[in-house]
Amino acid sequence: MKRTMMDGNQAAAEAMRFARIRVVSAYPITPQSSIAETLADFVADGSLQAKYLRIESEHSALSSVIGAQLTGVRAGTATASVGLALMHEVMGVASGLRLPIVMPVVNRSLVSPWNLWCDHQDAMAERDSGWTQLYAENCQEVLDLILIAYRWSEYPKVLLPCMMNLDGFFLSHLTEVVMLPDQKTVDAFLPPYVPHNLLLDPDNPMFINNLTGPSEFTEMRFQQSLAFGEALETLPQVLEEFQQVFGRQYSLLDAYRCDDAEAVVVTMGSMSGTARYAVDQLRSEGKKVGALKVVCFRPFPVALLRQLLGGIPHVGVIDRSAGLGAESGPLCGEVRAALELESPEVSGFIAGLGGRDVRLETFRKAFDFLLNSPSTSNTTWLDVEANAMSIREVGV
Amino acid sequence: MREIMTDKRALLGPVATVFGSEHTGAWRVQRPVVDSKRCNFCGECQKYCPVDVVEIRDDDGNRVLSINLSYCKGCSICVEICARHAMSMVPERTQP
C-alpha cells in the first residue's frame, strides 16, 4: 500500500492498469482525456502490456473494445458526455452480449448549451442500456470501485458491463490522497480474466450477435433482467471481500446519521461529502437530519432503500440532471417509486447542473424545505435565477 | 478456455454455434433449363454462377450440365452469359 497524490482520472487509469487490461481503445473528450492519455503513457513505458488502438470515435472505441473482450481478455475504454451519447448504440451490444466490460464515465452535461462541466445527464441517458452503474464520491472510491466493478461484473451469474461514474472536474481533476495497493494484492482479489460466455476462437467458431426474432428476443431481455437481480445479490458479497483484502468498507447505499432523522437528503457522487458536512452543521443547530449516498444506481437497491429510509418522515432527492418533461428528476423518480408504500414524503430537487457547485447553502435550502414546507414538491430547482435575463452579461 | 463452454446451450446472448444452410432454392420464382443440344459445356455459366450450383460432369462418356436446384436462386446470370443461348428461364410451378 502506497500513499500517493493523484486526481480521479489518474486513479481510474491506475485501476485499469491493476486490472491488467490487454487492449485500450479510447477517444479523447473533456474531462475524460487524461484517462486515455495516462493509459497511453502506461503502454509506452511498458508498465501496462496492452495494445493501444487510436480510434476515430467513441462509437468505434466501444465497438473495438467489445471485439477485443470477445477474444478473451479485459479491454478498456473511458468516455464522457456526448462521447457516451455517441456510444449509445454500442452500449446495448456490450450488455446484450453479456460482456463484463468496465468503463469509467466522467460525468459531464449533454448539449446544448455546450458545456464541459459536471452533470449526470450523460449517465442518466444510459440508465436502461443494460449496464450497471456505480457512482464515486472521491478519488479513492474511483480506484476502489473500478476494482470492485471488475470482480462483480465478471461473476458468471452476473456478466453485465459496468459504468463507473466519476464527476467531471470535481473528481476527474481533483488531486487528493489515494492509497495505491500493490499489484500482488490486486491480483489476489482480481484473478486473470476467464471468459465464461461468448468467445472468439477459430477452433470453436461462434456466430455472435446474429439476428434474433420475436421467438427469442423477449427471453434474452429476460435473462439480462435476471442478471440484474443476481448483480444486486452479488455486490454486497464483493464489497465484503474487498473490505477483507483492502480494509475499506463500501455499501450500495451509504446512510449518514439517518437513524432518528426527520429529514434525509439523497445524493450521488462528489456532492455527498458536502451533504454530510451540511448534516453535521444542522445537527449542531439541533436539527434532526441525515444524508444518504447512492453508490449503486443500477441495479437500484430498492429493498435496502426501504430498510434505510422507510420510517423517515421527509426525504429529499437532489438530482444532478434536469429530467426534462418528467414529474421529477430521474433519481427522485426511483426513490419515490421505491418508497411509495412507506411513510416518507419524497421531494425532488434539481441542483449542480453544468458544473455549478452544490454548496452548504444549497443543502440548507433543501433541508429547510423538507423540515418547514407544508407540502412536498416534485421538482424544486435550487440555486436557480428564475429570470434568466438577470444573469445576462450584456444588457438589453 | 474451451472446457468452460462444453454446454453451448447455456451460452447467454445472441449466438449461433451450429451452422446449417438454408435451402435458398425455395426463394426462386423461375429456374434455368439447359438445351443439351445447344450446350457445348464451355463452363462460362459455371464461372459466373454466384452461388456455385452449376456442375459439369462426365456420365459414361457423355458430358452433362446439371444445376443444384436446392440452392439455385434463379438469378438468370447463366442465361445472360451463355454465348450459345443454350439456357433459358422458365417460371416455377409450371410443369416442364
# chains A, B, ... in the order shown; residues from 1 in each chain; ligands from 1
$ select_by_dssp --residues "chain B" --states "strand (DSSP E or B)" --output "list in words"
Val15, Ala16, Gln30, Arg31, Pro32, Val33, Val34, Val54, Glu55, Ile56, Arg57, Asp58, Asp59, Asn62, Arg63, Val64, Leu65, Ser66, Ile67, Met87, Ser88, Met89, Val90 and Pro91 of chain B
$ interface_residues --of "chain B" --to "chain A" --cutoff "6 Å" --atoms "only C-alpha atoms" --output "list in words"
Leu11, Gly13, Pro14, Val15, Ala16 and Thr17 of chain B
$ closest_residue --among "B:Thr24, B:Gln46, B:Ser70, B:Asn40" --to "B:His85" --atoms "only C-alpha atoms"
B:Asn40
$ residues_around --residues "A:Ser272" --least-positions-apart "6" --cutoff "8 Å" --atoms "only C-alpha atoms" --output "list of chain:residue names"
A:Glu137, A:Ala291, A:Leu292, A:Lys293
$ residues_around --residues "A:Asn9" --least-positions-apart "3" --cutoff "12 Å" --atoms "only C-alpha atoms" --output "VMD selection string"
chain A and resid 5 to 6 12 to 16 30 to 39 78 to 80 104 to 107 136 138 to 143 146 164 to 176 178
$ write_last_selection --atoms "C-alpha atoms" --output "compact mmCIF listing (two decimals), in the first residue's frame"
# COMPACT_ATOMS: atom_id res chain seq x y z
CA MET A 5 -1.40 12.18 -4.59
CA MET A 6 -3.40 11.88 -7.77
CA ALA A 12 -9.14 5.39 -12.90
CA ALA A 13 -6.17 4.68 -15.16
CA GLU A 14 -4.25 3.11 -12.25
CA ALA A 15 -7.22 0.83 -11.52
CA MET A 16 -7.38 -0.29 -15.15
CA THR A 30 -13.07 16.59 -21.90
CA PRO A 31 -12.96 15.78 -18.99
CA GLN A 32 -12.03 12.16 -19.72
CA SER A 33 -8.98 12.72 -21.95
CA SER A 34 -6.34 12.30 -19.26
CA ILE A 35 -7.53 8.71 -18.62
CA ALA A 36 -6.82 7.84 -22.26
CA GLU A 37 -3.53 9.77 -22.11
CA THR A 38 -2.37 8.14 -18.88
CA LEU A 39 -3.16 4.68 -20.25
CA ALA A 78 -13.46 5.55 -20.97
CA THR A 79 -15.64 8.44 -22.05
CA ALA A 80 -17.84 11.37 -21.06
CA PRO A 104 -15.13 4.87 -16.33
CA VAL A 105 -17.59 7.60 -17.34
CA VAL A 106 -16.51 11.10 -16.35
CA ASN A 107 -19.88 12.76 -15.89
CA ALA A 136 -17.80 7.52 -6.81
CA ASN A 138 -13.81 10.79 -4.13
CA CYS A 139 -10.64 9.69 -5.93
CA GLN A 140 -10.06 6.72 -3.62
CA GLU A 141 -13.54 5.48 -4.46
CA VAL A 142 -12.77 5.84 -8.15
CA LEU A 143 -9.88 3.41 -7.83
CA ILE A 146 -13.29 0.09 -10.56
CA MET A 164 -18.18 3.57 -13.08
CA ASN A 165 -19.22 7.21 -12.85
CA LEU A 166 -16.98 9.97 -11.54
CA ASP A 167 -17.97 13.62 -11.52
CA GLY A 168 -16.26 15.69 -14.20
CA PHE A 169 -13.60 18.07 -12.77
CA PHE A 170 -14.86 17.69 -9.17
CA LEU A 171 -13.23 14.24 -9.23
CA SER A 172 -11.53 13.85 -12.59
CA HIS A 173 -9.26 16.86 -11.99
CA LEU A 174 -9.23 16.97 -8.19
CA THR A 175 -5.86 15.95 -6.72
CA GLU A 176 -6.09 14.23 -3.37
CA VAL A 178 -5.15 7.93 -2.81
$ residues_around --residues "B:Cys39" --least-positions-apart "4" --cutoff "7 Å" --atoms "only C-alpha atoms" --output "list in words"
Asp35, Arg84 and Ala86 of chain B
$ atom_distance --atom1 "atom CA of A:Pro28" --atom2 "atom CA of A:Gly130"
24.2 Å
$ select_by_dssp --residues "chain B" --states "helix (DSSP H, G or I)" --output "list in words"
Arg2, Glu3, Ile4, Met5, Lys8, Arg9, Ala10, Thr24, Gly25, Ala26, Trp27, Glu44, Cys45, Gln46, Lys47, Tyr48, Ile77, Cys78, Val79, Glu80 and Ile81 of chain B
$ write_last_selection --atoms "C-alpha atoms" --output "tab-separated table (two decimals), in the first residue's frame"
chain	number	residue	atom	x	y	z
B	2	ARG	CA	-12.59	-24.42	-24.35
B	3	GLU	CA	-13.67	-26.66	-21.49
B	4	ILE	CA	-15.70	-23.88	-19.94
B	5	MET	CA	-18.06	-23.93	-22.89
B	8	LYS	CA	-23.17	-24.47	-25.71
B	9	ARG	CA	-26.85	-24.46	-24.93
B	10	ALA	CA	-26.01	-22.47	-21.79
B	24	THR	CA	-32.26	-20.85	-50.78
B	25	GLY	CA	-33.79	-22.51	-53.85
B	26	ALA	CA	-37.13	-22.08	-52.10
B	27	TRP	CA	-36.93	-18.33	-52.82
B	44	GLU	CA	-18.85	-19.98	-68.68
B	45	CYS	CA	-22.12	-20.26	-66.73
B	46	GLN	CA	-20.29	-22.24	-64.07
B	47	LYS	CA	-17.70	-19.47	-63.68
B	48	TYR	CA	-20.33	-16.76	-63.39
B	77	ILE	CA	-26.97	-14.80	-64.81
B	78	CYS	CA	-26.21	-18.15	-66.51
B	79	VAL	CA	-28.83	-17.39	-69.14
B	80	GLU	CA	-27.43	-13.91	-69.75
B	81	ILE	CA	-23.85	-15.12	-70.02
$ atom_distance --atom1 "atom CA of A:Leu305" --atom2 "atom CA of A:Ser347"
15.5 Å
$ residues_around --residues "stretch 54-62 of chain A" --least-positions-apart "2" --cutoff "8 Å" --atoms "only C-alpha atoms" --output "count of residues only"
17
